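Engineer: Below is the structure I would like to discuss, written out as structure tokens.
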Amino acid sequence: DAKTTQPPSMDCAEGRAANLPCNHSTISGNEYVYWYRQIHSQGPQYIIHGLKNNETNEMASLIITEDRKSSTLILPHATLRDTAVYYCIVKNNDMRFGAGTRLTVKP
Amino acid sequence: GAVVSQHPSRVICKSGTSVKIECRSLDFQATTMFWYRQFPKKSLMLMATSNEGSKATYEQGVEKDKFLINHASLTLSTLTVTSAHPEDSSFYICSARGGLAQLNEQFFGPGTRLTVL
């Protein structure tokens, strides 16, 4: 599975959009990009995934660059409850987690 | 999404005892289950993958005799930490998938916090 690189931490103001970047320059053609988040002491929660097209659901939007070497998770209106560690995973078979980005949403 | 449960949610045991953690897929048949462990302020580390009816495949550095995994049915997998020691204290998380990796989501349980005294 391809490796991902994410910033270790980010802050966001409540009500503003949170844009979380992820680099996956070694991604191969059949690998999906998945995003999960983990709130303290809970299991990971699925957010969204995509292959090459941009995706949107009720939680977030996923923007994947044309060369697929990077992606951005967008939380359109961050709330305090969105404070969590966000993991970007490039998945071919099993789900392996990197260090993730600790997002702190501030009032 | 699909629901994966774990039992117990937290357990405290004495050093030298064995602890069994159950993972159940509640509304789908899990052909593949995964076990992860997570130390404080660290990421999840994949320990092993198991397919129903087959022996588990362990990641490098994970002792198979220490962490016994049984995936006897399509809805249940168990992880037994044998002769537990304080260094085995961790957050154990299971995950389940219903079919082929490319076509099926992987759902995570809420985790089990193990404390070995």
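We label chains A, B, ... in the order they appear in the structure tokens, count residues from 1 in each chain, and number ligands from 1 in the order shown.
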Can you list, as a VMD selection string, every protein, DNA or RNA residue that comes within 6 Å of Tyr34 of chain A when you count only C-alpha atoms, leaving out same-chain residues fewer than 5 positions away?
Structural biologist: chain A and resid 49 88 to 89
Engineer: Using the chain letters and numbers from this document, which residues of chain A does DSSP assign to strand (DSSP E or B), as a short mmCIF file (atom, residue, chain, number, x, y, z; two decimals) with all heavy atoms, in the first residue's frame?
Structural biologist:
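Now in states11.cif:
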```
data_model
loop_
_atom_site.label_atom_id
_atom_site.label_comp_id
_atom_site.auth_asym_id
_atom_site.auth_seq_id
_atom_site.Cartn_x
_atom_site.Cartn_y
_atom_site.Cartn_z
N THR A 5 1.41 11.14 3.60
CA THR A 5 2.04 12.16 4.44
C THR A 5 1.01 13.21 4.76
O THR A 5 0.36 13.76 3.85
CB THR A 5 3.23 12.80 3.72
OG1 THR A 5 4.16 11.79 3.33
CG2 THR A 5 3.94 13.78 4.65
N SER A 9 -0.55 18.44 12.82
CA SER A 9 -1.64 19.12 13.52
C SER A 9 -2.12 20.32 12.73
O SER A 9 -1.38 20.89 11.92
CB SER A 9 -1.20 19.55 14.92
OG SER A 9 -0.16 20.50 14.83
N MET A 10 -3.38 20.69 12.97
CA MET A 10 -3.98 21.86 12.36
C MET A 10 -5.03 22.42 13.30
O MET A 10 -5.65 21.65 14.05
CB MET A 10 -4.66 21.52 11.03
CG MET A 10 -3.77 21.11 9.91
SD MET A 10 -4.71 20.76 8.40
CE MET A 10 -5.35 22.36 8.02
N ASP A 11 -5.23 23.72 13.23
CA ASP A 11 -6.31 24.36 13.96
C ASP A 11 -7.31 24.94 12.98
O ASP A 11 -6.96 25.28 11.85
CB ASP A 11 -5.77 25.50 14.84
CG ASP A 11 -4.95 25.01 16.01
OD1 ASP A 11 -5.04 23.81 16.33
OD2 ASP A 11 -4.21 25.82 16.60
N CYS A 12 -8.54 25.04 13.43
CA CYS A 12 -9.58 25.61 12.59
C CYS A 12 -10.57 26.32 13.50
O CYS A 12 -10.87 25.83 14.60
CB CYS A 12 -10.28 24.50 11.79
SG CYS A 12 -11.67 25.07 10.81
N ALA A 13 -11.09 27.46 13.04
CA ALA A 13 -12.10 28.18 13.82
C ALA A 13 -13.47 27.54 13.60
O ALA A 13 -13.80 27.13 12.48
CB ALA A 13 -12.13 29.65 13.41
N ALA A 18 -12.62 23.43 7.27
CA ALA A 18 -11.33 22.81 7.59
C ALA A 18 -10.87 22.05 6.36
O ALA A 18 -11.60 21.23 5.81
CB ALA A 18 -11.47 21.86 8.78
N ASN A 19 -9.66 22.38 5.91
CA ASN A 19 -9.08 21.73 4.73
C ASN A 19 -7.86 20.93 5.16
O ASN A 19 -6.85 21.50 5.54
CB ASN A 19 -8.66 22.79 3.69
CG ASN A 19 -9.85 23.57 3.17
OD1 ASN A 19 -10.64 23.09 2.38
ND2 ASN A 19 -9.98 24.80 3.65
N LEU A 20 -7.98 19.61 5.09
CA LEU A 20 -6.90 18.74 5.56
C LEU A 20 -6.21 18.11 4.34
O LEU A 20 -6.82 17.34 3.62
CB LEU A 20 -7.44 17.65 6.49
CG LEU A 20 -7.95 18.14 7.84
CD1 LEU A 20 -9.43 18.48 7.78
CD2 LEU A 20 -7.70 17.10 8.90
N PRO A 21 -4.91 18.41 4.17
CA PRO A 21 -4.21 17.88 3.00
C PRO A 21 -3.58 16.51 3.27
O PRO A 21 -3.32 16.14 4.42
CB PRO A 21 -3.11 18.92 2.77
CG PRO A 21 -2.80 19.41 4.15
CD PRO A 21 -4.09 19.34 4.94
N CYS A 22 -3.35 15.80 2.18
CA CYS A 22 -2.69 14.49 2.27
C CYS A 22 -1.89 14.26 0.99
O CYS A 22 -2.43 14.44 -0.11
CB CYS A 22 -3.72 13.38 2.45
SG CYS A 22 -3.02 11.73 2.55
N ASN A 23 -0.63 13.90 1.14
CA ASN A 23 0.18 13.54 -0.02
C ASN A 23 0.29 12.03 -0.12
O ASN A 23 0.54 11.35 0.88
CB ASN A 23 1.58 14.14 0.10
CG ASN A 23 1.56 15.62 -0.21
OD1 ASN A 23 0.84 16.06 -1.09
ND2 ASN A 23 2.35 16.38 0.51
N TYR A 32 -7.56 3.12 -3.66
CA TYR A 32 -8.51 4.14 -3.27
C TYR A 32 -7.90 5.03 -2.18
O TYR A 32 -7.06 4.58 -1.40
CB TYR A 32 -9.78 3.51 -2.70
CG TYR A 32 -10.70 2.95 -3.75
CD1 TYR A 32 -10.42 1.75 -4.40
CD2 TYR A 32 -11.88 3.62 -4.08
CE1 TYR A 32 -11.29 1.23 -5.35
CE2 TYR A 32 -12.75 3.11 -5.04
CZ TYR A 32 -12.45 1.92 -5.66
OH TYR A 32 -13.30 1.41 -6.62
N VAL A 33 -8.39 6.25 -2.07
CA VAL A 33 -8.04 7.15 -0.97
C VAL A 33 -9.20 7.14 0.01
O VAL A 33 -10.34 7.45 -0.36
CB VAL A 33 -7.78 8.58 -1.47
CG1 VAL A 33 -7.44 9.48 -0.27
CG2 VAL A 33 -6.66 8.60 -2.50
N TYR A 34 -8.92 6.78 1.24
CA TYR A 34 -9.92 6.75 2.31
C TYR A 34 -9.56 7.78 3.38
O TYR A 34 -8.39 8.04 3.65
CB TYR A 34 -9.95 5.37 2.99
CG TYR A 34 -10.78 4.34 2.28
CD1 TYR A 34 -10.30 3.71 1.14
CD2 TYR A 34 -12.03 3.98 2.76
CE1 TYR A 34 -11.06 2.74 0.49
CE2 TYR A 34 -12.80 3.02 2.12
CZ TYR A 34 -12.31 2.41 0.99
OH TYR A 34 -13.06 1.46 0.34
N TRP A 35 -10.58 8.32 3.98
CA TRP A 35 -10.41 9.18 5.15
C TRP A 35 -11.23 8.64 6.30
O TRP A 35 -12.43 8.34 6.15
CB TRP A 35 -10.81 10.63 4.84
CG TRP A 35 -9.81 11.37 4.02
CD1 TRP A 35 -9.66 11.34 2.66
CD2 TRP A 35 -8.81 12.27 4.51
NE1 TRP A 35 -8.63 12.17 2.28
CE2 TRP A 35 -8.10 12.76 3.39
CE3 TRP A 35 -8.45 12.72 5.79
CZ2 TRP A 35 -7.05 13.67 3.50
CZ3 TRP A 35 -7.41 13.63 5.89
CH2 TRP A 35 -6.72 14.09 4.77
N TYR A 36 -10.57 8.52 7.45
CA TYR A 36 -11.23 8.15 8.70
C TYR A 36 -10.86 9.21 9.73
O TYR A 36 -9.87 9.92 9.59
CB TYR A 36 -10.74 6.79 9.20
CG TYR A 36 -11.35 5.60 8.53
CD1 TYR A 36 -10.91 5.20 7.27
CD2 TYR A 36 -12.35 4.87 9.14
CE1 TYR A 36 -11.48 4.10 6.65
CE2 TYR A 36 -12.92 3.76 8.53
CZ TYR A 36 -12.48 3.39 7.28
OH TYR A 36 -13.03 2.29 6.66
N ARG A 37 -11.63 9.26 10.79
CA ARG A 37 -11.23 10.09 11.92
C ARG A 37 -11.42 9.30 13.20
O ARG A 37 -12.24 8.37 13.26
CB ARG A 37 -12.01 11.39 11.95
CG ARG A 37 -13.47 11.28 12.37
CD ARG A 37 -14.12 12.63 12.35
NE ARG A 37 -15.50 12.60 12.80
CZ ARG A 37 -16.29 13.67 12.80
NH1 ARG A 37 -15.84 14.85 12.37
NH2 ARG A 37 -17.54 13.57 13.23
N GLN A 38 -10.67 9.70 14.21
CA GLN A 38 -10.74 9.03 15.49
C GLN A 38 -10.84 10.08 16.58
O GLN A 38 -9.91 10.88 16.77
CB GLN A 38 -9.52 8.14 15.72
CG GLN A 38 -9.64 7.29 16.98
CD GLN A 38 -8.44 6.39 17.19
OE1 GLN A 38 -7.35 6.68 16.75
NE2 GLN A 38 -8.66 5.29 17.90
N GLN A 45 -13.80 6.29 12.67
CA GLN A 45 -15.08 6.51 12.01
C GLN A 45 -14.83 6.82 10.55
O GLN A 45 -14.04 7.71 10.22
CB GLN A 45 -15.79 7.69 12.68
CG GLN A 45 -17.12 8.06 12.04
CD GLN A 45 -17.67 9.38 12.57
OE1 GLN A 45 -16.95 10.21 13.11
NE2 GLN A 45 -18.97 9.57 12.40
N TYR A 46 -15.51 6.11 9.67
CA TYR A 46 -15.38 6.34 8.24
C TYR A 46 -15.92 7.72 7.88
O TYR A 46 -16.98 8.14 8.38
CB TYR A 46 -16.15 5.27 7.48
CG TYR A 46 -16.36 5.55 6.01
CD1 TYR A 46 -15.34 5.33 5.09
CD2 TYR A 46 -17.56 6.08 5.55
CE1 TYR A 46 -15.54 5.60 3.74
CE2 TYR A 46 -17.77 6.34 4.20
CZ TYR A 46 -16.75 6.10 3.31
OH TYR A 46 -16.94 6.38 1.97
N ILE A 47 -15.20 8.43 6.99
CA ILE A 47 -15.70 9.72 6.53
C ILE A 47 -16.09 9.65 5.06
O ILE A 47 -17.24 9.89 4.69
CB ILE A 47 -14.64 10.83 6.73
CG1 ILE A 47 -14.26 10.95 8.21
CG2 ILE A 47 -15.18 12.17 6.21
CD1 ILE A 47 -13.10 11.91 8.46
N ILE A 48 -15.12 9.30 4.21
CA ILE A 48 -15.36 9.36 2.78
C ILE A 48 -14.25 8.62 2.06
O ILE A 48 -13.19 8.38 2.65
CB ILE A 48 -15.43 10.85 2.33
CG1 ILE A 48 -16.12 11.02 0.98
CG2 ILE A 48 -14.04 11.49 2.32
CD1 ILE A 48 -16.47 12.48 0.67
N HIS A 49 -14.47 8.22 0.84
CA HIS A 49 -13.38 7.65 0.04
C HIS A 49 -13.61 7.95 -1.43
O HIS A 49 -14.73 8.29 -1.84
CB HIS A 49 -13.24 6.14 0.28
CG HIS A 49 -14.28 5.29 -0.39
ND1 HIS A 49 -15.58 5.18 0.08
CD2 HIS A 49 -14.21 4.51 -1.49
CE1 HIS A 49 -16.26 4.37 -0.69
NE2 HIS A 49 -15.47 3.94 -1.67
N GLY A 50 -12.54 7.82 -2.21
CA GLY A 50 -12.64 8.07 -3.64
C GLY A 50 -11.50 7.42 -4.39
O GLY A 50 -10.48 7.07 -3.80
N GLU A 55 -15.48 13.60 -4.46
CA GLU A 55 -16.64 12.99 -3.81
C GLU A 55 -17.17 13.91 -2.72
O GLU A 55 -16.41 14.66 -2.11
CB GLU A 55 -16.27 11.65 -3.18
CG GLU A 55 -15.71 10.61 -4.13
CD GLU A 55 -16.74 10.03 -5.08
OE1 GLU A 55 -17.95 10.19 -4.80
OE2 GLU A 55 -16.35 9.40 -6.09
N THR A 56 -18.47 13.84 -2.49
CA THR A 56 -19.10 14.62 -1.42
C THR A 56 -20.16 13.77 -0.75
O THR A 56 -20.89 13.04 -1.43
CB THR A 56 -19.74 15.90 -1.98
OG1 THR A 56 -18.73 16.75 -2.49
CG2 THR A 56 -20.48 16.66 -0.88
N SER A 61 -16.25 16.70 1.91
CA SER A 61 -15.91 16.58 0.49
C SER A 61 -14.48 16.11 0.37
O SER A 61 -13.64 16.44 1.22
CB SER A 61 -16.07 17.92 -0.22
OG SER A 61 -17.42 18.32 -0.24
N LEU A 62 -14.23 15.34 -0.67
CA LEU A 62 -12.88 14.85 -0.95
C LEU A 62 -12.48 15.34 -2.33
O LEU A 62 -13.16 15.04 -3.32
CB LEU A 62 -12.85 13.32 -0.90
CG LEU A 62 -11.55 12.63 -1.32
CD1 LEU A 62 -10.39 13.07 -0.43
CD2 LEU A 62 -11.71 11.12 -1.28
N ILE A 63 -11.38 16.09 -2.36
CA ILE A 63 -10.86 16.59 -3.62
C ILE A 63 -9.57 15.85 -3.92
O ILE A 63 -8.63 15.88 -3.12
CB ILE A 63 -10.58 18.10 -3.54
CG1 ILE A 63 -11.80 18.86 -3.02
CG2 ILE A 63 -10.12 18.64 -4.90
CD1 ILE A 63 -13.01 18.76 -3.90
N ILE A 64 -9.51 15.15 -5.05
CA ILE A 64 -8.32 14.40 -5.45
C ILE A 64 -7.73 15.07 -6.67
O ILE A 64 -8.45 15.35 -7.64
CB ILE A 64 -8.68 12.93 -5.77
CG1 ILE A 64 -9.35 12.27 -4.56
CG2 ILE A 64 -7.44 12.14 -6.17
CD1 ILE A 64 -9.87 10.87 -4.82
N SER A 70 -2.14 13.67 -4.55
CA SER A 70 -2.53 14.30 -3.29
C SER A 70 -4.04 14.47 -3.25
O SER A 70 -4.72 14.39 -4.28
CB SER A 70 -1.84 15.65 -3.10
OG SER A 70 -2.27 16.56 -4.08
N SER A 71 -4.53 14.70 -2.05
CA SER A 71 -5.97 14.92 -1.88
C SER A 71 -6.19 15.86 -0.70
O SER A 71 -5.28 16.09 0.11
CB SER A 71 -6.71 13.60 -1.67
OG SER A 71 -6.26 12.93 -0.50
N THR A 72 -7.40 16.41 -0.64
CA THR A 72 -7.78 17.30 0.45
C THR A 72 -9.15 16.90 0.96
O THR A 72 -10.09 16.73 0.17
CB THR A 72 -7.82 18.77 0.00
OG1 THR A 72 -6.53 19.14 -0.49
CG2 THR A 72 -8.20 19.68 1.15
N LEU A 73 -9.24 16.75 2.25
CA LEU A 73 -10.54 16.52 2.89
C LEU A 73 -11.06 17.87 3.34
O LEU A 73 -10.34 18.62 4.00
CB LEU A 73 -10.40 15.59 4.09
CG LEU A 73 -11.68 15.32 4.86
CD1 LEU A 73 -12.59 14.38 4.09
CD2 LEU A 73 -11.38 14.76 6.25
N ILE A 74 -12.29 18.16 3.02
CA ILE A 74 -12.89 19.43 3.40
C ILE A 74 -14.09 19.19 4.30
O ILE A 74 -15.05 18.50 3.91
CB ILE A 74 -13.33 20.24 2.16
CG1 ILE A 74 -12.13 20.51 1.25
CG2 ILE A 74 -13.96 21.57 2.59
CD1 ILE A 74 -12.49 21.14 -0.08
N LEU A 75 -14.01 19.75 5.51
CA LEU A 75 -15.18 19.80 6.39
C LEU A 75 -15.75 21.19 6.23
O LEU A 75 -15.13 22.16 6.67
CB LEU A 75 -14.78 19.54 7.85
CG LEU A 75 -13.96 18.28 8.13
CD1 LEU A 75 -13.61 18.20 9.60
CD2 LEU A 75 -14.70 17.05 7.68
N ALA A 84 -10.55 15.93 16.30
CA ALA A 84 -10.22 14.51 16.21
C ALA A 84 -8.90 14.36 15.49
O ALA A 84 -8.34 15.34 14.98
CB ALA A 84 -11.31 13.75 15.45
N VAL A 85 -8.41 13.14 15.40
CA VAL A 85 -7.28 12.82 14.54
C VAL A 85 -7.84 12.28 13.23
O VAL A 85 -8.66 11.36 13.24
CB VAL A 85 -6.34 11.79 15.18
CG1 VAL A 85 -5.18 11.48 14.21
CG2 VAL A 85 -5.79 12.31 16.50
N TYR A 86 -7.41 12.88 12.14
CA TYR A 86 -7.91 12.51 10.81
C TYR A 86 -6.84 11.73 10.07
O TYR A 86 -5.70 12.17 9.95
CB TYR A 86 -8.30 13.76 10.02
CG TYR A 86 -9.58 14.38 10.54
CD1 TYR A 86 -9.58 15.13 11.70
CD2 TYR A 86 -10.80 14.17 9.88
CE1 TYR A 86 -10.76 15.67 12.20
CE2 TYR A 86 -11.98 14.71 10.37
CZ TYR A 86 -11.94 15.45 11.54
OH TYR A 86 -13.12 15.98 12.03
N TYR A 87 -7.23 10.57 9.57
CA TYR A 87 -6.29 9.69 8.88
C TYR A 87 -6.64 9.59 7.40
O TYR A 87 -7.79 9.31 7.05
CB TYR A 87 -6.34 8.28 9.47
CG TYR A 87 -5.89 8.17 10.90
CD1 TYR A 87 -6.82 8.12 11.94
CD2 TYR A 87 -4.54 8.11 11.22
CE1 TYR A 87 -6.42 8.01 13.26
CE2 TYR A 87 -4.12 8.00 12.54
CZ TYR A 87 -5.07 7.94 13.55
OH TYR A 87 -4.64 7.83 14.85
N CYS A 88 -5.64 9.80 6.59
CA CYS A 88 -5.75 9.61 5.15
C CYS A 88 -5.06 8.27 4.84
O CYS A 88 -3.92 8.06 5.25
CB CYS A 88 -5.05 10.76 4.43
SG CYS A 88 -4.70 10.51 2.70
N ILE A 89 -5.75 7.38 4.17
CA ILE A 89 -5.22 6.04 3.93
C ILE A 89 -5.38 5.70 2.46
O ILE A 89 -6.45 5.89 1.89
CB ILE A 89 -5.96 5.00 4.78
CG1 ILE A 89 -5.84 5.33 6.27
CG2 ILE A 89 -5.46 3.59 4.50
CD1 ILE A 89 -6.81 4.58 7.14
N VAL A 90 -4.30 5.21 1.88
CA VAL A 90 -4.38 4.71 0.51
C VAL A 90 -4.50 3.20 0.61
O VAL A 90 -3.63 2.53 1.15
CB VAL A 90 -3.14 5.11 -0.30
CG1 VAL A 90 -3.12 4.39 -1.64
CG2 VAL A 90 -3.13 6.61 -0.50
N LYS A 91 -5.60 2.68 0.12
CA LYS A 91 -5.94 1.28 0.40
C LYS A 91 -6.00 0.45 -0.87
O LYS A 91 -6.70 0.79 -1.81
CB LYS A 91 -7.28 1.24 1.11
CG LYS A 91 -7.86 -0.14 1.32
CD LYS A 91 -9.15 -0.05 2.11
CE LYS A 91 -9.89 -1.37 2.16
NZ LYS A 91 -10.61 -1.64 0.92
N THR A 101 -3.53 13.61 11.09
CA THR A 101 -3.51 15.03 11.45
C THR A 101 -4.45 15.25 12.62
O THR A 101 -5.62 14.89 12.56
CB THR A 101 -3.99 15.91 10.28
OG1 THR A 101 -3.09 15.81 9.19
CG2 THR A 101 -4.10 17.38 10.72
N ARG A 102 -3.92 15.85 13.68
CA ARG A 102 -4.77 16.18 14.83
C ARG A 102 -5.40 17.54 14.56
O ARG A 102 -4.72 18.57 14.56
CB ARG A 102 -3.94 16.22 16.10
CG ARG A 102 -4.76 16.54 17.35
CD ARG A 102 -3.93 16.36 18.62
NE ARG A 102 -3.49 14.99 18.77
CZ ARG A 102 -4.21 14.01 19.30
NH1 ARG A 102 -5.45 14.27 19.74
NH2 ARG A 102 -3.73 12.80 19.41
N LEU A 103 -6.69 17.53 14.26
CA LEU A 103 -7.44 18.77 14.00
C LEU A 103 -8.08 19.24 15.30
O LEU A 103 -8.79 18.48 15.96
CB LEU A 103 -8.52 18.54 12.95
CG LEU A 103 -9.44 19.74 12.68
CD1 LEU A 103 -8.68 20.87 11.99
CD2 LEU A 103 -10.66 19.33 11.86
N THR A 104 -7.81 20.49 15.63
CA THR A 104 -8.45 21.11 16.79
C THR A 104 -9.34 22.24 16.30
O THR A 104 -8.85 23.17 15.66
CB THR A 104 -7.41 21.66 17.78
OG1 THR A 104 -6.53 20.60 18.18
CG2 THR A 104 -8.09 22.25 19.00
N VAL A 105 -10.62 22.13 16.57
CA VAL A 105 -11.57 23.18 16.20
C VAL A 105 -11.76 24.07 17.42
O VAL A 105 -12.12 23.59 18.50
CB VAL A 105 -12.91 22.60 15.74
CG1 VAL A 105 -13.87 23.73 15.35
CG2 VAL A 105 -12.71 21.65 14.58
N LYS A 106 -11.51 25.36 17.23
CA LYS A 106 -11.54 26.29 18.36
C LYS A 106 -12.74 27.22 18.28
O LYS A 106 -13.12 27.63 17.19
CB LYS A 106 -10.23 27.09 18.38
CG LYS A 106 -9.01 26.20 18.56
CD LYS A 106 -7.74 27.01 18.75
CE LYS A 106 -6.59 26.09 19.11
NZ LYS A 106 -5.33 26.81 19.30
#
```
Engineer: Find the residues of chain A in contact range of chain B, meaning any atom within 7 Å when counting only C-alpha atoms, and list them as number ranges by chain.
Structural biologist: A: 42-44, 92-93, 96-99
Engineer: Tell me, in Å to one decimal, how far atom CA of Glu22 of chain B is from atom CA of Leu74 of chain B.
Structural biologist: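 If I compute the distance from atom CA of Glu22 of chain B to atom CA of Leu74 of chain B, I get 13.0 Å.
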Engineer: Measuring between only C-alpha atoms, which one of A:Lys3, A:Gly100, A:Lys52, A:Glu14 shows the shortest distance to Pro76 of chain A?
Structural biologist: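 Between A:Lys3, A:Gly100, A:Lys52, A:Glu14, the residue approaching Pro76 of chain A most closely is A:Glu14.
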Engineer: Could you work out how far atom CA of Leu26 of chain B lies from atom CA of Ala60 of chain A, giving the answer in Å with one decimal?
Structural biologist: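 Those two atoms sit 26.1 Å apart.
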Engineer: Could you name the residues that touch Thr79 of chain A at 8 Å or less, counting only C-alpha atoms, but leaving out those on the same chain fewer than 2 positions away, as a tab-separated table (two decimals) with N, CA and C atoms, in the first residue's frame?
Structural biologist:
```tsv
chain	number	residue	atom	x	y	z
A	14	GLU	N	-14.23	27.47	14.66
A	14	GLU	CA	-15.58	26.91	14.57
A	14	GLU	C	-16.39	27.65	13.53
A	15	GLY	N	-17.11	26.89	12.69
A	15	GLY	CA	-17.92	27.49	11.64
A	15	GLY	C	-17.20	27.70	10.33
A	77	HIS	N	-18.16	23.20	7.41
A	77	HIS	CA	-18.46	24.08	8.55
A	77	HIS	C	-18.06	23.35	9.83
A	81	ARG	N	-17.20	19.41	17.75
A	81	ARG	CA	-17.24	17.95	17.75
A	81	ARG	C	-16.38	17.33	16.64
A	82	ASP	N	-15.91	18.17	15.73
A	82	ASP	CA	-15.02	17.66	14.67
A	82	ASP	C	-13.57	17.56	15.13
A	83	THR	N	-13.29	17.99	16.35
A	83	THR	CA	-11.94	17.85	16.88
A	83	THR	C	-11.61	16.36	16.99
A	105	VAL	N	-10.62	22.13	16.57
A	105	VAL	CA	-11.57	23.18	16.20
A	105	VAL	C	-11.76	24.07	17.42
```
Engineer: Within 10 Å of Ser89 of chain B, counting only C-alpha atoms, which residues show up once you throw out same-chain ones fewer than 6 positions away? Write them as a list in words, please.
Structural biologist: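 In the requested format, the answer is Val11, Ile12, Cys13, Arg37, Gln38, Phe39, Arg113, Leu114, Thr115, Val116 and Leu117 of chain B.
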